[in-house]
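Engineer: Okay, so here is start_36.csv, and as you'll see once you scroll down, it has CSV, C-alpha atoms.
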```csv
chain,number,residue,atom,x,y,z
A,1,MET,CA,97.9,107.8,139.5
A,2,ASN,CA,99.5,106.7,136.2
A,3,ALA,CA,97.9,107.4,132.9
A,4,GLY,CA,99.8,104.7,131.2
A,5,PHE,CA,100.5,106.6,128.1
A,6,SER,CA,101.9,104.7,125.2
A,7,GLU,CA,104.5,106.1,122.9
A,8,GLU,CA,102.5,105.3,119.8
A,9,ARG,CA,100.6,108.6,119.7
A,10,PRO,CA,101.1,112.1,121.0
A,11,ILE,CA,100.3,112.4,124.7
A,12,PHE,CA,97.9,115.4,124.3
A,13,ILE,CA,95.7,113.2,122.1
A,14,GLN,CA,95.7,110.3,124.5
A,15,LEU,CA,94.8,112.7,127.4
A,16,ALA,CA,91.9,114.1,125.3
A,17,GLU,CA,90.7,110.5,124.7
A,18,GLN,CA,90.9,109.6,128.4
A,19,LEU,CA,88.9,112.7,129.3
A,20,GLU,CA,86.3,111.8,126.6
A,21,ASP,CA,86.0,108.3,128.0
A,22,ALA,CA,85.5,109.7,131.5
A,23,ILE,CA,82.7,112.0,130.2
A,24,LEU,CA,81.1,109.1,128.3
A,25,SER,CA,81.1,106.8,131.3
A,26,GLY,CA,79.7,109.5,133.6
A,27,VAL,CA,82.8,110.1,135.7
A,28,TYR,CA,82.3,113.8,134.9
A,29,PRO,CA,78.5,114.5,134.5
A,30,GLU,CA,77.4,117.4,132.4
A,31,GLU,CA,77.8,120.9,134.0
A,32,THR,CA,80.4,119.6,136.5
A,33,GLN,CA,84.0,120.7,136.8
A,34,VAL,CA,86.9,118.6,135.4
A,35,PRO,CA,90.4,118.7,136.9
A,36,SER,CA,92.6,121.7,136.1
A,37,ILE,CA,95.6,121.9,133.8
A,38,THR,CA,97.9,121.8,136.9
A,39,GLU,CA,96.1,118.8,138.3
A,40,TYR,CA,96.5,116.9,135.0
A,41,SER,CA,100.1,118.0,134.7
A,42,VAL,CA,101.1,116.9,138.2
A,43,ALA,CA,99.1,113.7,138.2
A,44,TYR,CA,100.3,112.5,134.9
A,45,LYS,CA,103.8,114.1,135.1
A,46,ILE,CA,103.4,115.9,131.8
A,47,ASN,CA,104.3,119.5,130.8
A,48,PRO,CA,101.4,121.8,131.4
A,49,ALA,CA,101.5,123.0,127.8
A,50,THR,CA,100.8,119.4,126.8
A,51,ALA,CA,97.9,119.1,129.2
A,52,LEU,CA,96.5,122.4,127.9
A,53,LYS,CA,96.7,121.2,124.3
A,54,GLY,CA,94.8,118.1,125.2
A,55,ILE,CA,92.0,119.9,127.0
A,56,ASN,CA,91.7,122.5,124.3
A,57,LEU,CA,90.8,119.7,121.8
A,58,LEU,CA,87.7,119.2,123.9
A,59,VAL,CA,87.0,122.9,124.3
A,60,ASP,CA,87.3,123.3,120.5
A,61,ALA,CA,84.8,120.4,120.0
A,62,GLY,CA,82.4,122.1,122.3
A,63,LEU,CA,82.5,119.3,124.9
A,64,LEU,CA,84.1,121.5,127.6
A,65,TYR,CA,83.6,125.2,128.3
A,66,LYS,CA,85.6,127.7,130.4
A,67,LYS,CA,84.1,129.6,133.4
A,68,ARG,CA,86.5,132.5,133.9
A,69,GLY,CA,88.4,132.3,137.1
A,70,VAL,CA,86.7,129.0,138.1
A,71,GLY,CA,87.8,126.3,135.7
A,72,MET,CA,86.7,123.9,133.0
A,73,PHE,CA,83.2,122.4,132.9
A,74,VAL,CA,81.5,119.6,130.9
A,75,ALA,CA,79.1,121.2,128.4
A,76,ARG,CA,75.4,120.2,128.2
A,77,GLY,CA,74.9,117.6,125.5
A,78,ALA,CA,78.6,116.6,125.6
A,79,ARG,CA,77.8,113.0,126.4
A,80,GLU,CA,75.3,112.6,123.6
A,81,GLN,CA,77.6,114.3,121.1
A,82,LEU,CA,80.5,111.9,122.1
A,83,ALA,CA,78.3,108.8,121.9
A,84,LYS,CA,77.1,109.8,118.5
A,85,ARG,CA,80.7,110.3,117.3
A,86,ARG,CA,81.8,107.0,118.7
A,87,GLN,CA,78.8,105.1,117.2
A,88,GLU,CA,80.0,106.1,113.8
A,89,GLY,CA,83.4,104.4,114.4
A,90,PHE,CA,81.9,101.4,116.2
A,91,TYR,CA,81.4,99.3,113.1
A,92,ARG,CA,85.0,100.0,111.8
A,93,ASP,CA,86.8,99.8,115.2
A,94,TYR,CA,84.9,96.9,116.9
A,95,VAL,CA,82.6,95.0,114.6
A,96,LEU,CA,85.0,94.4,111.7
A,97,PRO,CA,87.9,93.2,113.9
A,98,LEU,CA,85.4,91.1,115.8
A,99,THR,CA,84.2,89.2,112.7
A,100,ARG,CA,87.7,88.9,111.3
A,101,GLU,CA,88.9,87.3,114.5
A,102,ALA,CA,85.8,85.1,114.7
A,103,GLN,CA,86.5,83.7,111.2
A,104,ARG,CA,90.1,83.1,112.1
A,105,LEU,CA,89.0,81.1,115.1
A,106,CYS,CA,86.6,79.1,112.9
A,107,LEU,CA,83.5,80.3,114.8
A,108,ASN,CA,80.4,80.2,112.6
A,109,ARG,CA,77.8,82.9,112.3
A,110,ALA,CA,75.4,81.3,114.7
A,111,GLU,CA,78.1,80.8,117.3
A,112,LEU,CA,79.2,84.4,117.1
A,113,GLU,CA,75.6,85.6,117.5
A,114,ASN,CA,75.3,83.4,120.5
A,115,LEU,CA,78.4,84.9,122.1
A,116,ILE,CA,77.1,88.4,121.4
A,117,GLU,CA,73.8,87.5,123.0
A,118,ARG,CA,75.7,86.2,126.1
A,119,GLY,CA,77.8,89.3,126.4
A,120,TRP,CA,74.8,91.5,126.1
A,121,ILE,CA,72.9,89.7,128.9
A,122,GLU,CA,75.9,89.7,131.1
A,123,HIS,CA,76.2,93.5,130.9
A,124,GLU,CA,72.5,94.2,131.2
A,125,ASP,CA,72.3,94.1,134.9
B,1,MET,CA,114.0,135.7,133.0
B,2,LYS,CA,115.4,135.0,129.6
B,3,ILE,CA,119.0,133.5,129.2
B,4,GLU,CA,121.0,133.9,126.1
B,5,LEU,CA,124.3,132.1,125.3
B,6,GLN,CA,126.3,133.8,122.5
B,7,ASN,CA,129.0,131.7,120.9
B,8,ILE,CA,130.2,130.1,124.1
B,9,SER,CA,133.4,128.0,123.8
B,10,LYS,CA,135.4,126.5,126.6
B,11,HIS,CA,138.8,124.9,126.2
B,12,PHE,CA,140.6,123.0,128.9
B,13,GLY,CA,144.2,122.9,127.6
B,14,SER,CA,143.9,121.2,124.2
B,15,THR,CA,140.4,119.7,125.0
B,16,ILE,CA,137.5,121.5,123.6
B,17,ALA,CA,134.7,121.1,126.2
B,18,LEU,CA,132.2,123.4,124.5
B,19,ASP,CA,132.4,124.5,120.9
B,20,GLN,CA,130.6,127.7,119.9
B,21,ILE,CA,127.3,127.2,121.6
B,22,SER,CA,124.5,129.7,121.0
B,23,LEU,CA,121.1,129.2,122.4
B,24,THR,CA,118.2,131.0,124.2
B,25,LEU,CA,116.2,129.9,127.2
B,26,GLU,CA,112.9,131.7,126.9
B,27,GLU,CA,111.2,132.8,130.1
B,28,ASN,CA,109.1,130.2,132.0
B,29,ARG,CA,109.6,127.1,129.9
B,30,ILE,CA,110.9,123.7,130.8
B,31,TYR,CA,114.0,122.7,128.9
B,32,GLY,CA,115.8,119.4,128.8
B,33,LEU,CA,119.6,119.4,128.3
B,34,LEU,CA,120.4,115.9,127.1
B,35,GLY,CA,123.8,114.4,126.4
B,36,ASN,CA,126.1,111.5,127.3
B,37,ASN,CA,128.6,111.7,130.1
B,38,GLY,CA,131.3,114.1,129.1
B,39,ALA,CA,129.1,115.9,126.5
B,40,GLY,CA,129.7,119.2,128.3
B,41,LYS,CA,126.4,119.6,130.2
B,42,SER,CA,127.9,120.5,133.6
B,43,THR,CA,130.5,122.8,132.0
B,44,LEU,CA,127.7,124.6,130.2
B,45,LEU,CA,125.7,125.0,133.5
B,46,ASN,CA,128.7,126.2,135.4
B,47,ILE,CA,129.3,128.8,132.7
B,48,ILE,CA,125.7,130.1,132.9
B,49,THR,CA,126.2,130.6,136.6
B,50,ASN,CA,129.6,132.2,136.2
B,51,ARG,CA,131.3,129.5,138.3
B,52,ILE,CA,133.7,129.0,135.5
B,53,TYR,CA,134.5,131.4,132.7
B,54,PRO,CA,134.1,130.7,129.0
B,55,THR,CA,137.2,130.9,126.7
B,56,GLU,CA,135.0,132.8,124.3
B,57,GLY,CA,131.5,134.2,124.1
B,58,GLN,CA,129.1,135.6,126.7
B,59,VAL,CA,126.0,134.8,128.6
B,60,LEU,CA,123.2,137.3,128.9
B,61,ALA,CA,120.4,137.4,131.5
B,62,ASP,CA,117.5,139.6,130.2
B,63,GLY,CA,119.9,141.2,127.9
B,64,GLU,CA,122.6,142.0,130.4
B,65,ALA,CA,126.0,140.2,130.7
B,66,ILE,CA,126.2,137.9,133.8
B,67,PHE,CA,129.9,138.4,134.2
B,68,GLU,CA,130.5,139.8,137.7
B,69,ASN,CA,126.8,140.7,137.7
B,70,ASP,CA,125.7,139.6,141.2
B,71,LEU,CA,122.2,141.0,140.7
B,72,ALA,CA,121.6,138.7,137.7
B,73,LEU,CA,123.4,135.7,139.3
B,74,GLY,CA,121.2,135.9,142.4
B,75,GLN,CA,118.2,135.1,140.1
B,76,ILE,CA,119.8,131.9,138.8
B,77,PHE,CA,120.0,128.9,141.0
B,78,LEU,CA,122.1,125.9,140.0
B,79,MET,CA,121.6,122.6,141.7
B,80,GLY,CA,124.8,120.9,140.9
B,81,GLU,CA,126.4,117.6,141.8
B,82,GLN,CA,128.5,119.3,144.4
B,83,ASN,CA,127.5,120.6,147.8
B,84,PHE,CA,128.6,124.2,148.5
B,85,TYR,CA,127.8,124.2,152.2
B,86,PRO,CA,130.4,123.3,154.9
B,87,GLU,CA,130.2,119.5,155.4
B,88,ASP,CA,129.6,119.7,159.2
B,89,MET,CA,126.7,122.1,158.8
B,90,ARG,CA,123.3,120.8,159.7
B,91,VAL,CA,120.5,120.7,157.1
B,92,ASN,CA,118.3,123.3,158.8
B,93,LYS,CA,121.3,125.6,159.3
B,94,ALA,CA,122.0,125.3,155.6
B,95,PHE,CA,118.4,126.3,154.8
B,96,ARG,CA,118.9,129.4,157.0
B,97,ALA,CA,122.1,130.2,155.1
B,98,ALA,CA,120.2,129.9,151.8
B,99,GLU,CA,117.7,132.4,153.1
B,100,ILE,CA,120.4,135.0,153.3
B,101,PHE,CA,121.6,134.4,149.7
B,102,TYR,CA,118.2,134.0,148.1
B,103,PRO,CA,115.7,136.6,149.5
B,104,HIS,CA,112.7,134.7,148.1
B,105,PHE,CA,113.7,131.4,149.8
B,106,ASP,CA,110.6,129.8,151.3
B,107,MET,CA,111.6,128.2,154.7
B,108,GLU,CA,108.2,126.8,155.4
B,109,LYS,CA,108.2,125.1,152.0
B,110,ALA,CA,111.7,123.7,152.6
B,111,MET,CA,110.6,122.2,155.9
B,112,GLU,CA,107.4,120.8,154.3
B,113,LEU,CA,109.3,119.2,151.4
B,114,SER,CA,111.9,117.7,153.8
B,115,ARG,CA,109.0,116.1,155.6
B,116,GLN,CA,107.6,114.7,152.4
B,117,PHE,CA,111.0,113.3,151.3
B,118,GLY,CA,111.8,112.0,154.8
B,119,LEU,CA,114.9,114.2,155.1
B,120,ASN,CA,116.0,114.7,158.7
B,121,THR,CA,116.8,118.4,158.9
B,122,GLN,CA,118.8,117.9,162.2
B,123,LYS,CA,121.4,115.8,160.4
B,124,LYS,CA,124.8,117.0,159.3
B,125,ILE,CA,125.2,117.3,155.6
B,126,SER,CA,128.3,115.1,155.7
B,127,ASN,CA,126.2,112.3,157.3
B,128,LEU,CA,123.6,112.2,154.5
B,129,SER,CA,123.5,109.1,152.2
B,130,THR,CA,124.1,109.7,148.5
B,131,GLY,CA,120.3,109.7,147.9
B,132,TYR,CA,119.6,112.1,150.7
B,133,ALA,CA,122.4,114.4,149.7
B,134,SER,CA,120.6,114.7,146.4
B,135,ILE,CA,117.3,115.3,148.1
B,136,PHE,CA,118.8,118.0,150.3
B,137,ARG,CA,120.0,119.9,147.2
B,138,LEU,CA,116.6,119.3,145.5
B,139,VAL,CA,114.7,120.7,148.5
B,140,LEU,CA,116.9,123.8,148.3
B,141,ALA,CA,116.2,124.1,144.5
B,142,LEU,CA,112.5,123.7,145.0
B,143,SER,CA,112.4,126.4,147.7
B,144,VAL,CA,114.7,129.2,146.5
B,145,ASN,CA,112.1,130.7,144.1
B,146,THR,CA,114.5,132.2,141.6
B,147,PRO,CA,113.3,133.1,138.1
B,148,VAL,CA,115.8,130.6,136.7
B,149,LEU,CA,116.4,127.0,138.0
B,150,LEU,CA,119.2,124.9,136.6
B,151,LEU,CA,119.1,121.3,137.7
B,152,ASP,CA,122.2,119.1,136.9
B,153,GLU,CA,121.3,115.4,137.1
B,154,PRO,CA,118.7,116.1,139.8
B,155,VAL,CA,117.6,112.5,140.5
B,156,LEU,CA,121.1,111.0,140.9
B,157,GLY,CA,121.0,108.3,143.5
B,158,LEU,CA,117.2,108.7,144.2
B,159,ASP,CA,115.0,105.6,144.3
B,160,ALA,CA,111.9,105.3,142.1
B,161,PRO,CA,109.3,106.7,144.6
B,162,HIS,CA,111.5,109.7,145.4
B,163,ARG,CA,112.1,110.4,141.7
B,164,ASP,CA,108.4,110.3,141.1
B,165,LEU,CA,107.7,112.6,144.0
B,166,PHE,CA,110.4,115.0,142.7
B,167,TYR,CA,108.8,115.2,139.2
B,168,ARG,CA,105.4,116.0,140.7
B,169,LEU,CA,106.7,118.6,143.1
B,170,LEU,CA,108.7,120.3,140.3
B,171,LEU,CA,105.5,120.5,138.1
B,172,GLU,CA,103.5,121.8,141.2
B,173,LYS,CA,106.1,124.4,141.8
B,174,TYR,CA,106.2,125.4,138.1
B,175,ALA,CA,102.4,125.8,138.2
B,176,GLU,CA,102.4,127.8,141.4
B,177,SER,CA,105.2,130.2,140.3
B,178,PRO,CA,106.4,129.6,136.8
B,179,CYS,CA,110.1,130.0,136.2
B,180,THR,CA,112.6,129.0,133.5
B,181,ILE,CA,113.8,125.5,134.2
B,182,LEU,CA,116.7,123.6,132.6
B,183,LEU,CA,116.9,119.9,133.5
B,184,SER,CA,120.2,118.3,132.6
B,185,THR,CA,120.1,114.5,132.6
B,186,HIS,CA,121.1,111.4,130.8
B,187,ILE,CA,118.0,109.6,132.2
B,188,ILE,CA,115.8,110.6,129.3
B,189,GLN,CA,112.8,108.3,129.4
B,190,GLU,CA,111.5,109.6,132.7
B,191,VAL,CA,111.7,113.3,132.0
B,192,ALA,CA,110.6,113.2,128.3
B,193,ASN,CA,107.0,114.2,129.1
B,194,LEU,CA,108.0,117.0,131.4
B,195,LEU,CA,109.9,118.9,128.8
B,196,GLU,CA,108.7,121.5,126.3
B,197,HIS,CA,111.9,122.0,124.5
B,198,VAL,CA,115.1,119.9,124.1
B,199,LEU,CA,118.7,120.8,123.7
B,200,ILE,CA,121.0,117.9,122.7
B,201,LEU,CA,124.7,118.3,123.4
B,202,HIS,CA,127.3,115.9,122.0
B,203,ASN,CA,131.1,116.3,122.3
B,204,GLY,CA,130.8,119.9,123.2
B,205,LYS,CA,128.5,120.7,120.2
B,206,LEU,CA,124.8,121.6,120.2
B,207,LEU,CA,123.2,119.0,117.9
B,208,LYS,CA,119.6,119.9,118.4
B,209,ASP,CA,117.6,122.8,119.8
B,210,LEU,CA,113.9,122.1,119.1
B,211,PRO,CA,110.5,121.8,120.8
B,212,VAL,CA,110.0,118.1,121.9
B,213,GLU,CA,107.0,117.7,119.6
B,214,GLU,CA,108.9,118.9,116.5
B,215,LEU,CA,111.9,116.7,117.4
B,216,LEU,CA,109.7,113.6,117.6
B,217,ARG,CA,107.9,114.3,114.4
B,218,GLY,CA,111.3,113.9,112.8
B,219,ALA,CA,111.9,110.3,113.5
B,220,TYR,CA,110.2,106.9,113.5
B,221,THR,CA,111.1,103.2,114.2
B,222,VAL,CA,110.3,100.3,112.0
B,223,SER,CA,110.5,96.8,113.5
B,224,GLY,CA,109.7,93.2,112.4
B,225,PRO,CA,111.2,90.1,110.8
B,226,ALA,CA,114.8,90.9,109.7
B,227,ALA,CA,114.2,90.1,106.0
B,228,LEU,CA,111.2,92.4,105.8
B,229,VAL,CA,113.0,95.3,107.6
B,230,ASP,CA,116.0,94.9,105.3
B,231,GLN,CA,113.7,95.1,102.3
B,232,TYR,CA,112.0,98.2,103.7
B,233,LEU,CA,115.4,99.8,104.3
B,234,LEU,CA,116.5,99.4,100.6
B,235,GLY,CA,117.5,102.9,99.4
B,236,LYS,CA,117.0,104.4,102.9
B,237,LYS,CA,119.6,105.5,105.4
B,238,PRO,CA,118.6,104.5,108.9
B,239,LEU,CA,120.0,106.5,111.9
B,240,SER,CA,120.5,103.2,113.8
B,241,LEU,CA,119.9,99.5,113.6
B,242,GLN,CA,119.3,96.8,116.2
B,243,SER,CA,118.7,93.2,115.8
B,244,VAL,CA,117.8,90.4,118.2
B,245,GLY,CA,117.5,86.9,116.8
B,246,GLY,CA,115.4,87.1,113.6
B,247,LEU,CA,113.9,90.5,114.5
B,248,LYS,CA,115.3,93.8,113.5
B,249,SER,CA,114.4,97.4,114.3
B,250,ALA,CA,115.6,100.6,112.7
B,251,THR,CA,115.2,104.3,113.5
B,252,LEU,CA,114.8,106.6,110.5
B,253,GLN,CA,114.5,110.3,110.0
B,254,GLN,CA,111.4,111.7,108.4
B,255,ASN,CA,110.1,115.2,108.3
B,256,ASP,CA,106.4,114.9,107.7
B,257,GLY,CA,104.6,112.5,110.0
B,258,LEU,CA,104.5,108.7,110.0
B,259,PRO,CA,105.0,106.8,106.7
B,260,LYS,CA,102.3,104.5,105.3
B,261,PRO,CA,101.8,101.2,107.1
B,262,VAL,CA,103.5,98.1,105.6
B,263,GLU,CA,102.0,94.6,106.1
B,264,GLY,CA,104.1,92.6,108.6
B,265,LEU,CA,106.0,95.6,109.9
B,266,HIS,CA,105.4,97.7,113.0
B,267,ILE,CA,105.9,101.4,112.4
B,268,ALA,CA,105.7,103.9,115.3
B,269,PRO,CA,107.0,107.3,116.3
B,270,ALA,CA,110.5,107.1,118.0
B,271,SER,CA,110.6,107.9,121.7
B,272,LEU,CA,112.8,110.7,122.8
B,273,GLN,CA,115.3,108.2,124.1
B,274,GLU,CA,115.4,106.1,120.9
B,275,TYR,CA,115.8,109.3,118.9
B,276,PHE,CA,118.6,110.5,121.2
B,277,ILE,CA,120.5,107.2,121.0
B,278,SER,CA,120.2,107.1,117.2
B,279,LEU,CA,121.4,110.6,116.8
B,280,VAL,CA,124.4,110.1,119.0
B,281,GLN,CA,125.2,106.8,117.2
B,282,GLU,CA,125.0,108.4,113.8
B,283,GLU,CA,127.3,111.2,115.0
B,284,GLU,CA,129.8,108.7,116.3
B,285,ASN,CA,130.0,107.0,112.9
```
Before we go any further, please render this structure as structure tokens.
Structural biologist:
Amino acid sequence: MNAGFSEERPIFIQLAEQLEDAILSGVYPEETQVPSITEYSVAYKINPATALKGINLLVDAGLLYKKRGVGMFVARGAREQLAKRRQEGFYRDYVLPLTREAQRLCLNRAELENLIERGWIEHED
Amino acid sequence: MKIELQNISKHFGSTIALDQISLTLEENRIYGLLGNNGAGKSTLLNIITNRIYPTEGQVLADGEAIFENDLALGQIFLMGEQNFYPEDMRVNKAFRAAEIFYPHFDMEKAMELSRQFGLNTQKKISNLSTGYASIFRLVLALSVNTPVLLLDEPVLGLDAPHRDLFYRLLLEKYAESPCTILLSTHIIQEVANLLEHVLILHNGKLLKDLPVEELLRGAYTVSGPAALVDQYLLGKKPLSLQSVGGLKSATLQQNDGLPKPVEGLHIAPASLQEYFISLVQEEEN
């Protein structure tokens, strides 16, 4: 397994984001256990202190909680909390770049709306 | 176990191999010792293990001098570039010899690691290829279970899958039974993420002694069209410059995070390797 970390941002932040993605897409359902610090450290070849720092970001945000002697679990409501947080950034991170690129490619408004409709249908099933 | 170097110097005739090195290896952390060939890395490791004596200064293990201190030295394992076993000894016999010197040597683990690396333990040490001679010493290092592990160019001659396996096994070992690890290497990119703390040695001097994160917060690279980069660099002193065709990139020092974005330029944190090269280049000038 290779996490494919980029050098652009600190690794603990990228690890936290990957774990968030996994929770959001249901890889780790609520109340299930996530991999341990050691598992992350070995799988991604990173210092355990770095892995701990990444996981702690999610613990601090209330997305993960610790069961003493057992490990780390996904908190109830974590998925909803994450979705809500990401929805706020959706306009800025996706919609604005999308419309900017569409204008650069000389797509008009109706054409862009058509494409969105097409993408929506493709992913519905 | 904590290791302290106090004002260590080593002279070979008129050559100063190490110049007043003071540093501390805190218990159970992973350190990287980075430096070019000839920087003094191996000399430093040989001094820590009392294989050679410093011209000045002393080494302490948990506060006690290591000089002629067999008890302390038995707790420090150095995987060096040399092999200290008789050449015609078989690998499994060498493991048994290690068991005598290192009471916590784990024979079962040594055999299991040999299997994972594909090391034939029936072979004579002298008949091992360069890569497998390295692997033999790595297996020893991963099985001795000493509180301090010094690894001098551990992946020399290893192919990519074996290097990858080694990094994972090292982290696994560190998780199972934490110890103080010092990894000396000039292959920086691969080990950068494993390290917690970095020591940079250059021409016998200790240039940096910092946590990796802090070190990397101290530098960034700017790249883009040469004219724009030149304009950006006005009044600034880059650590290093590179140009290819009409593109240019510069590494700069900065102490508080990334600077503001500039239209047309790519600004990103420097990698450990970029930072290291820049630092050494600046030092040479």
Engineer: Show me, as a list in words, the residues that have an atom within 8 Å of Leu15 of chain A when counting all atoms listed in the file, minus same-chain residues fewer than 2 positions from it.
Structural biologist: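 Result of the neighbour search: Ile11, Phe12, Ile13, Glu17, Gln18, Leu19, Ala51, Gly54 and Ile55 of chain A.
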Engineer: Show me, as a PyMOL selection string, the residues of chain B whose atoms get within 7 Å of chain A, using all atoms listed in the file for the distance check.
Structural biologist: chain B and resi 167-168+171-172+175+193-196+268-269+271
Engineer: One decimal, in Å: what's the spacing between atom CA of Glu122 of chain A and atom CA of Gln81 of chain A?
Structural biologist: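 About the pair atom CA of Glu122 of chain A and atom CA of Gln81 of chain A: they are 26.6 Å apart.
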Engineer: Residues within 8 Å of (120.0, 122.0, 155.7), file coordinates, counting all atoms listed in the file: what are they? Give the list as a list in words.
Structural biologist: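 Residues found, by chain and rising number: Met89, Arg90, Val91, Asn92, Lys93, Ala94, Phe95, Arg96, Thr121, Gln122, Lys123, Lys124, Ile125 and Phe136 of chain B.
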Engineer: Can you work out the spacing between atom CA of Ile21 of chain B and atom CA of Ile48 of chain B in Å, to one decimal?
Structural biologist: 11.8 Å
Engineer: What does the structure give for the distance between atom CA of Phe67 of chain B and atom CA of Tyr53 of chain B, in Å to one decimal?
Structural biologist: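 Taking atom CA of Phe67 of chain B as the start and atom CA of Tyr53 of chain B as the end point, the length is 8.5 Å.
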Engineer: So which one's closest to Lys41 of chain B, B:Glu263, B:Glu190, B:Glu112, B:Glu81? Using only C-alpha atoms, please.
Structural biologist: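 That would be B:Glu81, the residue with the smallest distance to Lys41 of chain B.
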Engineer: Go through segment 60-100 of chain A residue by residue and, counting all atoms listed in the file, keep those with an atom at most 8 Å from segment 21-28 of chain A; for each kept residue give the shortest atom pair and its distance in Å to one decimal, ordered by chain and increasing number, as JSON lines.
Structural biologist:
```
{"residue": "A:Val74", "atom": "CA", "partner": "A:Tyr28", "partner_atom": "CA", "distance": 7.1}
{"residue": "A:Ala78", "atom": "CA", "partner": "A:Ile23", "partner_atom": "CA", "distance": 7.7}
{"residue": "A:Arg79", "atom": "CA", "partner": "A:Leu24", "partner_atom": "CA", "distance": 5.5}
{"residue": "A:Leu82", "atom": "CA", "partner": "A:Leu24", "partner_atom": "CA", "distance": 6.8}
{"residue": "A:Ala83", "atom": "CA", "partner": "A:Leu24", "partner_atom": "CA", "distance": 7.0}
```
Engineer: Using only C-alpha atoms, which of the listed residues (A:Leu112, A:Ala75, A:Leu52, A:Val70) sits closest to Thr99 of chain A?
Structural biologist: A:Leu112
Engineer: Set the distance at 12 Å and use all atoms listed in the file: which residues neighbour Lys109 of chain B once local chain neighbours fewer than 5 positions away are removed? I'd like the list as JSON, numbers by chain.
Structural biologist: {"B": [95, 104, 114, 115, 116, 139, 140, 141, 142, 143, 144, 145, 169, 173]}
Engineer: Tell me, as a short mmCIF file (atom, residue, chain, number, x, y, z; two decimals) with C-alpha atoms, in the coordinates of the input, which residues lie within 8 Å of Asn203 of chain B, counting only C-alpha atoms; anything in the same chain fewer than 2 positions away does not count.
Structural biologist:
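Generated file (part_0.cif):
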```
data_model
loop_
_atom_site.label_atom_id
_atom_site.label_comp_id
_atom_site.auth_asym_id
_atom_site.auth_seq_id
_atom_site.Cartn_x
_atom_site.Cartn_y
_atom_site.Cartn_z
CA ALA B 17 134.70 121.10 126.20
CA LEU B 18 132.20 123.40 124.50
CA GLY B 38 131.30 114.10 129.10
CA ALA B 39 129.10 115.90 126.50
CA GLY B 40 129.70 119.20 128.30
CA LEU B 201 124.70 118.30 123.40
CA LYS B 205 128.50 120.70 120.20
#
```
Engineer: Between B:Ile66, B:Val280, B:Ile187, B:Leu113, which has the minimum distance to Ile200 of chain B (counting all atoms listed in the file)?
Structural biologist: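 Looking only at the distances to Ile200 of chain B, the closest residue turns out to be B:Val280.
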